[in-house]
Amino acid sequence: MPCIKEVLHQSSLMLSKSVKNPKKEAMILLREWIRKDDVFLITHDDFEVSDVDGFLKWVKQRVEHTPLEYITQKVSFYSKEFIIKEGVLVPRPETEILVDKTAELIKGFGAKNVAEIGTGSGVISIMLSLLLPQIKICATDISPKAIETAKLNAQKFGVENRIKFYLTSYLDGIEPPQILVSNPPYISKKENLEKHVLNEPHSALFGGEQGDEMLKDIILLAKKLNVLALACEMGYDQKESIKSFFEDNKIANYSFYQDLSGLDRGFMMKG
């Protein structure tokens, strides 16, 4: 059987034309395959790898631009390891800021009832439930695969009794919450995306022709329901559009926040 050193060399060569850092990704895939850490891969490079053909099928998936997280079925978010399934949006690091901003709003208002639109893998609601055990959350999504994955994650972290998941659009059939949070689809259909991103569910990526249509729908819904506060993630280039929408709808109490790169990344609206 080939050893770690040989398998890493072969898989790095296979990945070299498809990914930016083939050696790093080869290590990530191999450590998941043999269930060891990076230190083991480096210090035991003569360790023999079983079922190399099976492992190379993983590598081939990545060569064909399948997101790394779909192959390993794991994604890191807020320093925790969540389950992710193909067909469910892969959480991004910048969404951790949305969790922090929403937690601040919940604490500030002393709110107990929270709702999330478009929960995906459930990471936002689950992290809020872990950070603030006193709250109850209703989380919705139109994707059965997303709801299934979110429930698995809630069970993994022991918060399944504090979050109710609903297969529904927006907040249809849900009691109005005090705090509303959402990381909805906000990418324009005109946007050119990397191949691996396009392998994620388009319904969770694209928000319409301009990209901000769902964001505006959620703002109007929050206003109609008289929520105490709304927190949303948005595209880096959507601040002016959303600002104009607030002003056109006579909404004065709003603010924007940036991500760690200094890009406009989201907004908060208070009732």
# chains A, B, ... in the order shown; residues from 1 in each chain; ligands from 1
$ residues_around --residues "stretch 223-235 of chain A" --least-positions-apart "6" --cutoff "9 Å" --atoms "only C-alpha atoms" --output "PyMOL selection string"
chain A and resi 94-95+97-98+101-102+105-106+109+111+176-187+211-212+215+251+263-271
$ write_last_selection --atoms "N, CA and C atoms" --output "compact mmCIF listing (two decimals), in the first residue's frame"
# COMPACT_ATOMS: atom_id res chain seq x y z
N GLU A 94 -17.72 35.15 7.54
CA GLU A 94 -18.26 36.48 7.80
C GLU A 94 -19.64 36.43 8.47
N THR A 95 -20.32 35.30 8.33
CA THR A 95 -21.65 35.17 8.94
C THR A 95 -21.54 35.07 10.46
N ILE A 97 -20.16 37.19 12.21
CA ILE A 97 -20.42 38.57 12.68
C ILE A 97 -21.91 38.78 12.83
N LEU A 98 -22.70 38.21 11.92
CA LEU A 98 -24.16 38.33 12.02
C LEU A 98 -24.66 37.70 13.32
N LYS A 101 -23.86 40.23 16.10
CA LYS A 101 -24.74 41.40 16.04
C LYS A 101 -26.14 41.05 16.53
N THR A 102 -26.62 39.87 16.15
CA THR A 102 -27.96 39.46 16.58
C THR A 102 -27.99 39.19 18.08
N LEU A 105 -28.36 42.41 19.89
CA LEU A 105 -29.74 42.91 19.83
C LEU A 105 -30.63 42.16 20.83
N ILE A 106 -30.49 40.86 20.88
CA ILE A 106 -31.30 40.05 21.80
C ILE A 106 -31.05 40.48 23.25
N PHE A 109 -32.45 44.09 24.03
CA PHE A 109 -33.91 44.18 24.18
C PHE A 109 -34.45 43.21 25.23
N ALA A 111 -34.87 40.15 24.73
CA ALA A 111 -35.83 39.37 23.96
C ALA A 111 -35.74 37.88 24.28
N PRO A 176 -45.22 36.04 14.96
CA PRO A 176 -44.24 37.12 14.83
C PRO A 176 -43.23 37.09 15.98
N PRO A 177 -41.93 37.16 15.67
CA PRO A 177 -40.90 37.13 16.71
C PRO A 177 -40.61 38.53 17.24
N GLN A 178 -39.84 38.58 18.31
CA GLN A 178 -39.35 39.87 18.79
C GLN A 178 -38.12 40.31 17.98
N ILE A 179 -37.25 39.35 17.70
CA ILE A 179 -36.03 39.61 16.93
C ILE A 179 -36.03 38.72 15.69
N LEU A 180 -35.71 39.30 14.56
CA LEU A 180 -35.65 38.55 13.30
C LEU A 180 -34.23 38.62 12.74
N VAL A 181 -33.71 37.49 12.29
CA VAL A 181 -32.37 37.44 11.71
C VAL A 181 -32.43 36.66 10.40
N SER A 182 -31.61 37.06 9.45
CA SER A 182 -31.57 36.34 8.19
C SER A 182 -30.26 36.56 7.44
N ASN A 183 -29.78 35.49 6.85
CA ASN A 183 -28.69 35.56 5.87
C ASN A 183 -29.26 35.00 4.57
N PRO A 184 -30.09 35.80 3.89
CA PRO A 184 -30.82 35.29 2.74
C PRO A 184 -29.96 35.28 1.48
N PRO A 185 -30.44 34.70 0.40
CA PRO A 185 -29.75 34.83 -0.88
C PRO A 185 -29.67 36.31 -1.26
N TYR A 186 -28.46 36.79 -1.58
CA TYR A 186 -28.35 38.21 -1.94
C TYR A 186 -27.40 38.47 -3.12
N ILE A 187 -27.06 37.41 -3.84
CA ILE A 187 -26.17 37.57 -4.99
C ILE A 187 -26.99 37.82 -6.25
N GLY A 211 -30.20 41.09 -6.87
CA GLY A 211 -29.60 40.40 -5.74
C GLY A 211 -30.17 40.80 -4.39
N ASP A 212 -30.73 42.01 -4.30
CA ASP A 212 -31.21 42.50 -3.00
C ASP A 212 -32.72 42.39 -2.83
N LEU A 215 -33.77 40.70 0.44
CA LEU A 215 -33.44 41.58 1.57
C LEU A 215 -34.53 42.62 1.76
N ILE A 251 -38.07 54.43 7.08
CA ILE A 251 -37.45 53.70 8.18
C ILE A 251 -36.18 54.45 8.57
N LEU A 263 -15.29 45.48 4.50
CA LEU A 263 -16.35 45.54 3.48
C LEU A 263 -17.71 45.62 4.16
N ASP A 264 -18.62 46.39 3.59
CA ASP A 264 -19.99 46.44 4.11
C ASP A 264 -20.59 45.05 4.01
N ARG A 265 -21.12 44.54 5.12
CA ARG A 265 -21.52 43.14 5.13
C ARG A 265 -22.93 42.90 5.65
N GLY A 266 -23.52 43.89 6.32
CA GLY A 266 -24.86 43.66 6.85
C GLY A 266 -25.46 44.90 7.46
N PHE A 267 -26.70 44.76 7.93
CA PHE A 267 -27.39 45.91 8.53
C PHE A 267 -28.29 45.44 9.66
N MET A 268 -28.63 46.39 10.51
CA MET A 268 -29.59 46.17 11.59
C MET A 268 -30.64 47.26 11.54
N MET A 269 -31.85 46.88 11.83
CA MET A 269 -32.99 47.81 11.83
C MET A 269 -33.76 47.61 13.12
N LYS A 270 -34.04 48.70 13.79
CA LYS A 270 -34.81 48.62 15.03
C LYS A 270 -36.18 49.24 14.83
N GLY A 271 -37.18 48.63 15.47
CA GLY A 271 -38.55 49.10 15.32
C GLY A 271 -38.84 50.35 16.12
$ select_by_dssp --residues "stretch 15-198 of chain A" --states "strand (DSSP E or B)" --output "PDB file with N, CA and C atoms, in the first residue's frame"
ATOM      1  N   GLU A  48       1.097   3.671   5.953  1.00  0.00           N
ATOM      2  CA  GLU A  48       0.420   3.159   4.762  1.00  0.00           C
ATOM      3  C   GLU A  48      -1.056   3.514   4.778  1.00  0.00           C
ATOM      4  N   LYS A  74     -18.215  18.255   6.589  1.00  0.00           N
ATOM      5  CA  LYS A  74     -17.904  19.025   7.795  1.00  0.00           C
ATOM      6  C   LYS A  74     -17.638  20.474   7.409  1.00  0.00           C
ATOM      7  N   VAL A  75     -18.042  21.405   8.294  1.00  0.00           N
ATOM      8  CA  VAL A  75     -17.718  22.806   8.077  1.00  0.00           C
ATOM      9  C   VAL A  75     -17.463  23.461   9.433  1.00  0.00           C
ATOM     10  N   SER A  76     -16.436  24.297   9.486  1.00  0.00           N
ATOM     11  CA  SER A  76     -16.109  25.004  10.722  1.00  0.00           C
ATOM     12  C   SER A  76     -16.844  26.334  10.752  1.00  0.00           C
ATOM     13  N   PHE A  77     -17.497  26.607  11.873  1.00  0.00           N
ATOM     14  CA  PHE A  77     -18.214  27.877  12.048  1.00  0.00           C
ATOM     15  C   PHE A  77     -18.198  28.230  13.522  1.00  0.00           C
ATOM     16  N   LYS A  80     -16.595  25.819  15.872  1.00  0.00           N
ATOM     17  CA  LYS A  80     -17.239  24.528  16.104  1.00  0.00           C
ATOM     18  C   LYS A  80     -17.375  23.799  14.773  1.00  0.00           C
ATOM     19  N   GLU A  81     -17.482  22.499  14.838  1.00  0.00           N
ATOM     20  CA  GLU A  81     -17.579  21.679  13.636  1.00  0.00           C
ATOM     21  C   GLU A  81     -19.025  21.251  13.410  1.00  0.00           C
ATOM     22  N   PHE A  82     -19.609  21.731  12.312  1.00  0.00           N
ATOM     23  CA  PHE A  82     -20.987  21.431  11.965  1.00  0.00           C
ATOM     24  C   PHE A  82     -21.052  20.418  10.826  1.00  0.00           C
ATOM     25  N   ILE A  83     -22.171  19.732  10.764  1.00  0.00           N
ATOM     26  CA  ILE A  83     -22.451  18.821   9.652  1.00  0.00           C
ATOM     27  C   ILE A  83     -22.932  19.648   8.464  1.00  0.00           C
ATOM     28  N   ASN A 113     -37.962  35.635  22.164  1.00  0.00           N
ATOM     29  CA  ASN A 113     -38.435  34.930  20.973  1.00  0.00           C
ATOM     30  C   ASN A 113     -37.740  35.456  19.718  1.00  0.00           C
ATOM     31  N   VAL A 114     -37.099  34.549  19.014  1.00  0.00           N
ATOM     32  CA  VAL A 114     -36.286  34.908  17.848  1.00  0.00           C
ATOM     33  C   VAL A 114     -36.721  34.044  16.668  1.00  0.00           C
ATOM     34  N   ALA A 115     -36.634  34.599  15.472  1.00  0.00           N
ATOM     35  CA  ALA A 115     -36.906  33.819  14.266  1.00  0.00           C
ATOM     36  C   ALA A 115     -35.782  34.040  13.264  1.00  0.00           C
ATOM     37  N   GLU A 116     -35.480  32.995  12.521  1.00  0.00           N
ATOM     38  CA  GLU A 116     -34.495  33.089  11.445  1.00  0.00           C
ATOM     39  C   GLU A 116     -35.131  32.672  10.137  1.00  0.00           C
ATOM     40  N   ILE A 117     -34.974  33.484   9.117  1.00  0.00           N
ATOM     41  CA  ILE A 117     -35.447  33.162   7.771  1.00  0.00           C
ATOM     42  C   ILE A 117     -34.281  32.608   6.963  1.00  0.00           C
ATOM     43  N   LYS A 136     -35.968  31.175  22.741  1.00  0.00           N
ATOM     44  CA  LYS A 136     -36.618  30.181  21.892  1.00  0.00           C
ATOM     45  C   LYS A 136     -36.539  30.685  20.450  1.00  0.00           C
ATOM     46  N   ILE A 137     -36.265  29.780  19.530  1.00  0.00           N
ATOM     47  CA  ILE A 137     -36.054  30.179  18.140  1.00  0.00           C
ATOM     48  C   ILE A 137     -36.935  29.367  17.205  1.00  0.00           C
ATOM     49  N   CYS A 138     -37.511  30.061  16.230  1.00  0.00           N
ATOM     50  CA  CYS A 138     -38.184  29.421  15.102  1.00  0.00           C
ATOM     51  C   CYS A 138     -37.326  29.680  13.869  1.00  0.00           C
ATOM     52  N   ALA A 139     -36.935  28.623  13.177  1.00  0.00           N
ATOM     53  CA  ALA A 139     -36.059  28.763  12.021  1.00  0.00           C
ATOM     54  C   ALA A 139     -36.730  28.148  10.799  1.00  0.00           C
ATOM     55  N   THR A 140     -36.760  28.887   9.696  1.00  0.00           N
ATOM     56  CA  THR A 140     -37.460  28.430   8.504  1.00  0.00           C
ATOM     57  C   THR A 140     -36.515  28.250   7.322  1.00  0.00           C
ATOM     58  N   ASP A 141     -36.923  27.408   6.404  1.00  0.00           N
ATOM     59  CA  ASP A 141     -36.227  27.264   5.127  1.00  0.00           C
ATOM     60  C   ASP A 141     -37.181  26.586   4.151  1.00  0.00           C
ATOM     61  N   ILE A 163     -35.038  24.972  19.528  1.00  0.00           N
ATOM     62  CA  ILE A 163     -35.228  25.496  18.173  1.00  0.00           C
ATOM     63  C   ILE A 163     -36.287  24.663  17.458  1.00  0.00           C
ATOM     64  N   LYS A 164     -37.278  25.335  16.883  1.00  0.00           N
ATOM     65  CA  LYS A 164     -38.274  24.655  16.050  1.00  0.00           C
ATOM     66  C   LYS A 164     -37.989  24.996  14.587  1.00  0.00           C
ATOM     67  N   PHE A 165     -37.843  23.978  13.781  1.00  0.00           N
ATOM     68  CA  PHE A 165     -37.554  24.167  12.364  1.00  0.00           C
ATOM     69  C   PHE A 165     -38.820  23.986  11.537  1.00  0.00           C
ATOM     70  N   TYR A 166     -39.022  24.891  10.598  1.00  0.00           N
ATOM     71  CA  TYR A 166     -40.225  24.868   9.769  1.00  0.00           C
ATOM     72  C   TYR A 166     -39.854  24.876   8.288  1.00  0.00           C
ATOM     73  N   LEU A 167     -40.446  23.964   7.533  1.00  0.00           N
ATOM     74  CA  LEU A 167     -40.288  23.952   6.080  1.00  0.00           C
ATOM     75  C   LEU A 167     -41.337  24.897   5.504  1.00  0.00           C
ATOM     76  N   ILE A 179     -37.252  39.348  17.699  1.00  0.00           N
ATOM     77  CA  ILE A 179     -36.033  39.612  16.927  1.00  0.00           C
ATOM     78  C   ILE A 179     -36.032  38.717  15.691  1.00  0.00           C
ATOM     79  N   LEU A 180     -35.708  39.300  14.555  1.00  0.00           N
ATOM     80  CA  LEU A 180     -35.645  38.551  13.300  1.00  0.00           C
ATOM     81  C   LEU A 180     -34.227  38.625  12.738  1.00  0.00           C
ATOM     82  N   VAL A 181     -33.712  37.487  12.291  1.00  0.00           N
ATOM     83  CA  VAL A 181     -32.365  37.439  11.711  1.00  0.00           C
ATOM     84  C   VAL A 181     -32.426  36.658  10.405  1.00  0.00           C
ATOM     85  N   SER A 182     -31.606  37.064   9.450  1.00  0.00           N
ATOM     86  CA  SER A 182     -31.570  36.335   8.188  1.00  0.00           C
ATOM     87  C   SER A 182     -30.260  36.563   7.444  1.00  0.00           C
ATOM     88  N   ILE A 187     -27.055  37.410  -3.841  1.00  0.00           N
ATOM     89  CA  ILE A 187     -26.169  37.572  -4.991  1.00  0.00           C
ATOM     90  C   ILE A 187     -26.992  37.823  -6.247  1.00  0.00           C
ATOM     91  N   SER A 188     -26.543  38.752  -7.059  1.00  0.00           N
ATOM     92  CA  SER A 188     -27.209  39.052  -8.312  1.00  0.00           C
ATOM     93  C   SER A 188     -27.025  37.909  -9.306  1.00  0.00           C
TER      94      SER A 188
END
$ residues_around --residues "A:Ala103" --least-positions-apart "5" --cutoff "9 Å" --atoms "only C-alpha atoms" --output "compact mmCIF listing (two decimals) with C-alpha atoms, in the first residue's frame"
# COMPACT_ATOMS: atom_id res chain seq x y z
CA LEU A 98 -24.16 38.33 12.02
CA GLY A 108 -30.17 44.75 24.46
CA LEU A 128 -27.53 31.87 19.14
CA LEU A 131 -24.77 31.65 23.41
CA LEU A 132 -28.20 32.54 24.84
$ residues_around --residues "A:Leu8" --least-positions-apart "4" --cutoff "9 Å" --atoms "only C-alpha atoms" --output "PyMOL selection string"
chain A and resi 3-4+12-13+23+26-27+30
$ write_last_selection --atoms "N, CA and C atoms" --output "compact mmCIF listing (two decimals), in the first residue's frame"
# COMPACT_ATOMS: atom_id res chain seq x y z
N CYS A 3 2.24 4.99 0.91
CA CYS A 3 2.30 5.69 2.20
C CYS A 3 1.75 7.12 2.06
N ILE A 4 1.63 7.79 3.20
CA ILE A 4 1.09 9.15 3.24
C ILE A 4 1.84 10.08 2.29
N SER A 12 -1.89 15.92 -4.67
CA SER A 12 -1.53 17.33 -4.91
C SER A 12 -1.39 17.60 -6.40
N LEU A 13 -0.80 16.65 -7.12
CA LEU A 13 -0.67 16.80 -8.57
C LEU A 13 -2.04 16.83 -9.24
N LYS A 23 -1.59 21.45 -2.15
CA LYS A 23 -0.97 20.70 -1.05
C LYS A 23 -1.81 20.77 0.22
N ALA A 26 -5.00 18.73 -0.27
CA ALA A 26 -4.70 17.30 -0.24
C ALA A 26 -4.56 16.83 1.21
N MET A 27 -3.94 17.65 2.04
CA MET A 27 -3.78 17.30 3.45
C MET A 27 -5.12 17.27 4.18
N LEU A 30 -6.92 14.12 3.08
CA LEU A 30 -6.31 12.88 3.59
C LEU A 30 -6.48 12.73 5.09
$ select_by_dssp --residues "stretch 54-225 of chain A" --states "alpha helix (DSSP H)" --output "CSV table (one decimal) with N, CA and C atoms, in the first residue's frame"
chain,number,residue,atom,x,y,z
A,54,GLY,N,-10.5,4.6,-3.1
A,54,GLY,CA,-11.6,5.4,-2.5
A,54,GLY,C,-11.3,6.8,-2.2
A,55,PHE,N,-10.1,7.0,-1.6
A,55,PHE,CA,-9.6,8.4,-1.3
A,55,PHE,C,-9.5,9.2,-2.6
A,56,LEU,N,-8.9,8.6,-3.7
A,56,LEU,CA,-8.7,9.3,-4.9
A,56,LEU,C,-10.1,9.7,-5.6
A,57,LYS,N,-11.1,9.0,-5.2
A,57,LYS,CA,-12.5,9.4,-5.7
A,57,LYS,C,-12.9,10.7,-5.0
A,58,TRP,N,-12.5,10.9,-3.8
A,58,TRP,CA,-12.7,12.2,-3.1
A,58,TRP,C,-11.9,13.3,-3.8
A,59,VAL,N,-10.7,13.0,-4.1
A,59,VAL,CA,-9.8,14.0,-4.8
A,59,VAL,C,-10.4,14.3,-6.1
A,60,LYS,N,-10.9,13.4,-6.9
A,60,LYS,CA,-11.5,13.6,-8.2
A,60,LYS,C,-12.7,14.5,-8.0
A,61,GLN,N,-13.5,14.3,-7.0
A,61,GLN,CA,-14.7,15.2,-6.7
A,61,GLN,C,-14.2,16.7,-6.6
A,62,ARG,N,-13.1,16.8,-5.9
A,62,ARG,CA,-12.6,18.2,-5.6
A,62,ARG,C,-12.1,18.8,-6.9
A,63,VAL,N,-11.4,17.9,-7.7
A,63,VAL,CA,-10.9,18.4,-9.0
A,63,VAL,C,-12.1,18.9,-9.9
A,68,LEU,N,-15.2,21.5,-0.9
A,68,LEU,CA,-14.4,20.6,0.0
A,68,LEU,C,-15.3,20.2,1.1
A,69,GLU,N,-16.2,21.1,1.6
A,69,GLU,CA,-17.1,20.8,2.8
A,69,GLU,C,-18.1,19.7,2.4
A,70,TYR,N,-18.5,19.6,1.2
A,70,TYR,CA,-19.5,18.6,0.8
A,70,TYR,C,-18.8,17.2,0.8
A,71,ILE,N,-17.5,17.2,0.4
A,71,ILE,CA,-16.8,15.9,0.4
A,71,ILE,C,-16.6,15.4,1.8
A,72,THR,N,-16.2,16.2,2.7
A,72,THR,CA,-15.9,15.8,4.1
A,72,THR,C,-17.1,15.8,5.0
A,95,THR,N,-20.3,35.3,8.3
A,95,THR,CA,-21.6,35.2,8.9
A,95,THR,C,-21.5,35.1,10.5
A,96,GLU,N,-20.4,34.8,11.0
A,96,GLU,CA,-20.2,34.8,12.4
A,96,GLU,C,-20.4,36.2,13.0
A,97,ILE,N,-20.2,37.2,12.2
A,97,ILE,CA,-20.4,38.6,12.7
A,97,ILE,C,-21.9,38.8,12.8
A,98,LEU,N,-22.7,38.2,11.9
A,98,LEU,CA,-24.2,38.3,12.0
A,98,LEU,C,-24.7,37.7,13.3
A,99,VAL,N,-24.1,36.6,13.7
A,99,VAL,CA,-24.4,35.9,15.0
A,99,VAL,C,-24.2,36.9,16.1
A,100,ASP,N,-23.0,37.5,16.1
A,100,ASP,CA,-22.6,38.5,17.2
A,100,ASP,C,-23.5,39.7,17.3
A,101,LYS,N,-23.9,40.2,16.1
A,101,LYS,CA,-24.7,41.4,16.0
A,101,LYS,C,-26.1,41.0,16.5
A,102,THR,N,-26.6,39.9,16.2
A,102,THR,CA,-28.0,39.5,16.6
A,102,THR,C,-28.0,39.2,18.1
A,103,ALA,N,-26.9,38.6,18.6
A,103,ALA,CA,-26.9,38.3,20.0
A,103,ALA,C,-26.9,39.6,20.8
A,104,GLU,N,-26.2,40.7,20.3
A,104,GLU,CA,-26.2,42.0,20.9
A,104,GLU,C,-27.6,42.6,21.0
A,105,LEU,N,-28.4,42.4,19.9
A,105,LEU,CA,-29.7,42.9,19.8
A,105,LEU,C,-30.6,42.2,20.8
A,106,ILE,N,-30.5,40.9,20.9
A,106,ILE,CA,-31.3,40.1,21.8
A,106,ILE,C,-31.1,40.5,23.2
A,107,LYS,N,-29.8,40.6,23.6
A,107,LYS,CA,-29.4,41.1,25.0
A,107,LYS,C,-29.9,42.5,25.2
A,108,GLY,N,-29.8,43.4,24.3
A,108,GLY,CA,-30.2,44.7,24.5
A,108,GLY,C,-31.7,44.9,24.7
A,109,PHE,N,-32.5,44.1,24.0
A,109,PHE,CA,-33.9,44.2,24.2
A,109,PHE,C,-34.4,43.2,25.2
A,123,VAL,N,-26.7,27.0,11.4
A,123,VAL,CA,-25.5,27.4,12.2
A,123,VAL,C,-25.9,28.7,13.0
A,124,ILE,N,-26.6,29.6,12.4
A,124,ILE,CA,-26.9,30.9,13.1
A,124,ILE,C,-27.8,30.6,14.3
A,125,SER,N,-28.9,29.9,14.1
A,125,SER,CA,-29.9,29.6,15.2
A,125,SER,C,-29.2,28.8,16.3
A,126,ILE,N,-28.4,27.8,15.9
A,126,ILE,CA,-27.8,27.0,16.8
A,126,ILE,C,-26.8,27.7,17.7
A,127,MET,N,-26.0,28.6,17.0
A,127,MET,CA,-25.0,29.4,17.8
A,127,MET,C,-25.7,30.4,18.7
A,128,LEU,N,-26.8,31.0,18.3
A,128,LEU,CA,-27.5,31.9,19.1
A,128,LEU,C,-28.1,31.1,20.3
A,129,SER,N,-28.6,29.9,20.1
A,129,SER,CA,-29.1,29.1,21.2
A,129,SER,C,-28.0,28.7,22.2
A,130,LEU,N,-26.8,28.4,21.7
A,130,LEU,CA,-25.7,28.1,22.6
A,130,LEU,C,-25.3,29.3,23.4
A,131,LEU,N,-25.2,30.4,22.7
A,131,LEU,CA,-24.8,31.7,23.4
A,131,LEU,C,-25.8,32.2,24.4
A,144,PRO,N,-36.1,21.1,2.0
A,144,PRO,CA,-36.1,20.0,2.9
A,144,PRO,C,-34.8,19.5,3.3
A,145,LYS,N,-33.8,19.5,2.4
A,145,LYS,CA,-32.4,19.1,2.7
A,145,LYS,C,-31.8,20.0,3.8
A,146,ALA,N,-32.1,21.3,3.7
A,146,ALA,CA,-31.6,22.2,4.7
A,146,ALA,C,-32.2,22.0,6.0
A,147,ILE,N,-33.5,21.8,6.1
A,147,ILE,CA,-34.1,21.5,7.4
A,147,ILE,C,-33.6,20.2,8.0
A,148,GLU,N,-33.4,19.2,7.2
A,148,GLU,CA,-32.9,17.9,7.6
A,148,GLU,C,-31.5,18.1,8.2
A,149,THR,N,-30.7,18.9,7.6
A,149,THR,CA,-29.3,19.1,8.0
A,149,THR,C,-29.3,19.9,9.3
A,150,ALA,N,-30.1,21.0,9.3
A,150,ALA,CA,-30.2,21.8,10.5
A,150,ALA,C,-30.6,21.0,11.7
A,151,LYS,N,-31.6,20.1,11.6
A,151,LYS,CA,-32.0,19.3,12.7
A,151,LYS,C,-30.9,18.4,13.2
A,152,LEU,N,-30.1,17.8,12.3
A,152,LEU,CA,-29.0,17.0,12.7
A,152,LEU,C,-28.0,17.8,13.5
A,153,ASN,N,-27.7,19.1,13.1
A,153,ASN,CA,-26.8,19.9,13.8
A,153,ASN,C,-27.3,20.3,15.2
A,154,ALA,N,-28.6,20.6,15.2
A,154,ALA,CA,-29.2,20.9,16.5
A,154,ALA,C,-29.1,19.8,17.5
A,155,GLN,N,-29.3,18.6,17.0
A,155,GLN,CA,-29.2,17.4,17.9
A,155,GLN,C,-27.7,17.2,18.3
A,156,LYS,N,-26.8,17.4,17.4
A,156,LYS,CA,-25.4,17.3,17.7
A,156,LYS,C,-25.0,18.2,18.9
A,195,LYS,N,-16.4,28.2,-9.8
A,195,LYS,CA,-17.1,27.0,-10.2
A,195,LYS,C,-17.5,26.2,-8.9
A,196,HIS,N,-16.7,26.2,-7.9
A,196,HIS,CA,-17.1,25.4,-6.7
A,196,HIS,C,-18.3,26.1,-6.0
A,197,VAL,N,-18.4,27.4,-6.1
A,197,VAL,CA,-19.6,28.1,-5.5
A,197,VAL,C,-20.8,27.7,-6.3
A,198,LEU,N,-20.7,27.7,-7.6
A,198,LEU,CA,-21.9,27.3,-8.4
A,198,LEU,C,-22.4,25.9,-8.2
A,213,GLU,N,-33.4,41.7,-3.8
A,213,GLU,CA,-34.8,41.6,-3.7
A,213,GLU,C,-35.4,41.0,-2.4
A,214,MET,N,-34.7,39.9,-2.0
A,214,MET,CA,-35.2,39.2,-0.8
A,214,MET,C,-34.9,40.0,0.4
A,215,LEU,N,-33.8,40.7,0.4
A,215,LEU,CA,-33.4,41.6,1.6
A,215,LEU,C,-34.5,42.6,1.8
A,216,LYS,N,-35.0,43.2,0.7
A,216,LYS,CA,-36.0,44.2,0.8
A,216,LYS,C,-37.4,43.6,1.2
A,217,ASP,N,-37.7,42.4,0.7
A,217,ASP,CA,-38.9,41.7,1.2
A,217,ASP,C,-38.8,41.5,2.7
A,218,ILE,N,-37.7,41.1,3.2
A,218,ILE,CA,-37.5,40.8,4.7
A,218,ILE,C,-37.6,42.1,5.5
A,219,ILE,N,-37.1,43.2,5.0
A,219,ILE,CA,-37.2,44.5,5.6
A,219,ILE,C,-38.7,44.9,5.8
A,220,LEU,N,-39.4,44.8,4.7
A,220,LEU,CA,-40.9,45.1,4.7
A,220,LEU,C,-41.7,44.2,5.6
A,221,LEU,N,-41.3,42.9,5.7
A,221,LEU,CA,-41.9,41.9,6.6
A,221,LEU,C,-41.7,42.3,8.0
A,222,ALA,N,-40.4,42.7,8.3
A,222,ALA,CA,-40.1,43.1,9.7
A,222,ALA,C,-40.8,44.3,10.1
A,223,LYS,N,-41.0,45.2,9.2
A,223,LYS,CA,-41.8,46.5,9.5
A,223,LYS,C,-43.2,46.1,9.7
A,224,LYS,N,-43.8,45.3,8.9
A,224,LYS,CA,-45.2,44.9,9.0
A,224,LYS,C,-45.5,44.2,10.3
A,225,LEU,N,-44.5,43.3,10.8
A,225,LEU,CA,-44.7,42.6,12.0
A,225,LEU,C,-44.3,43.3,13.2
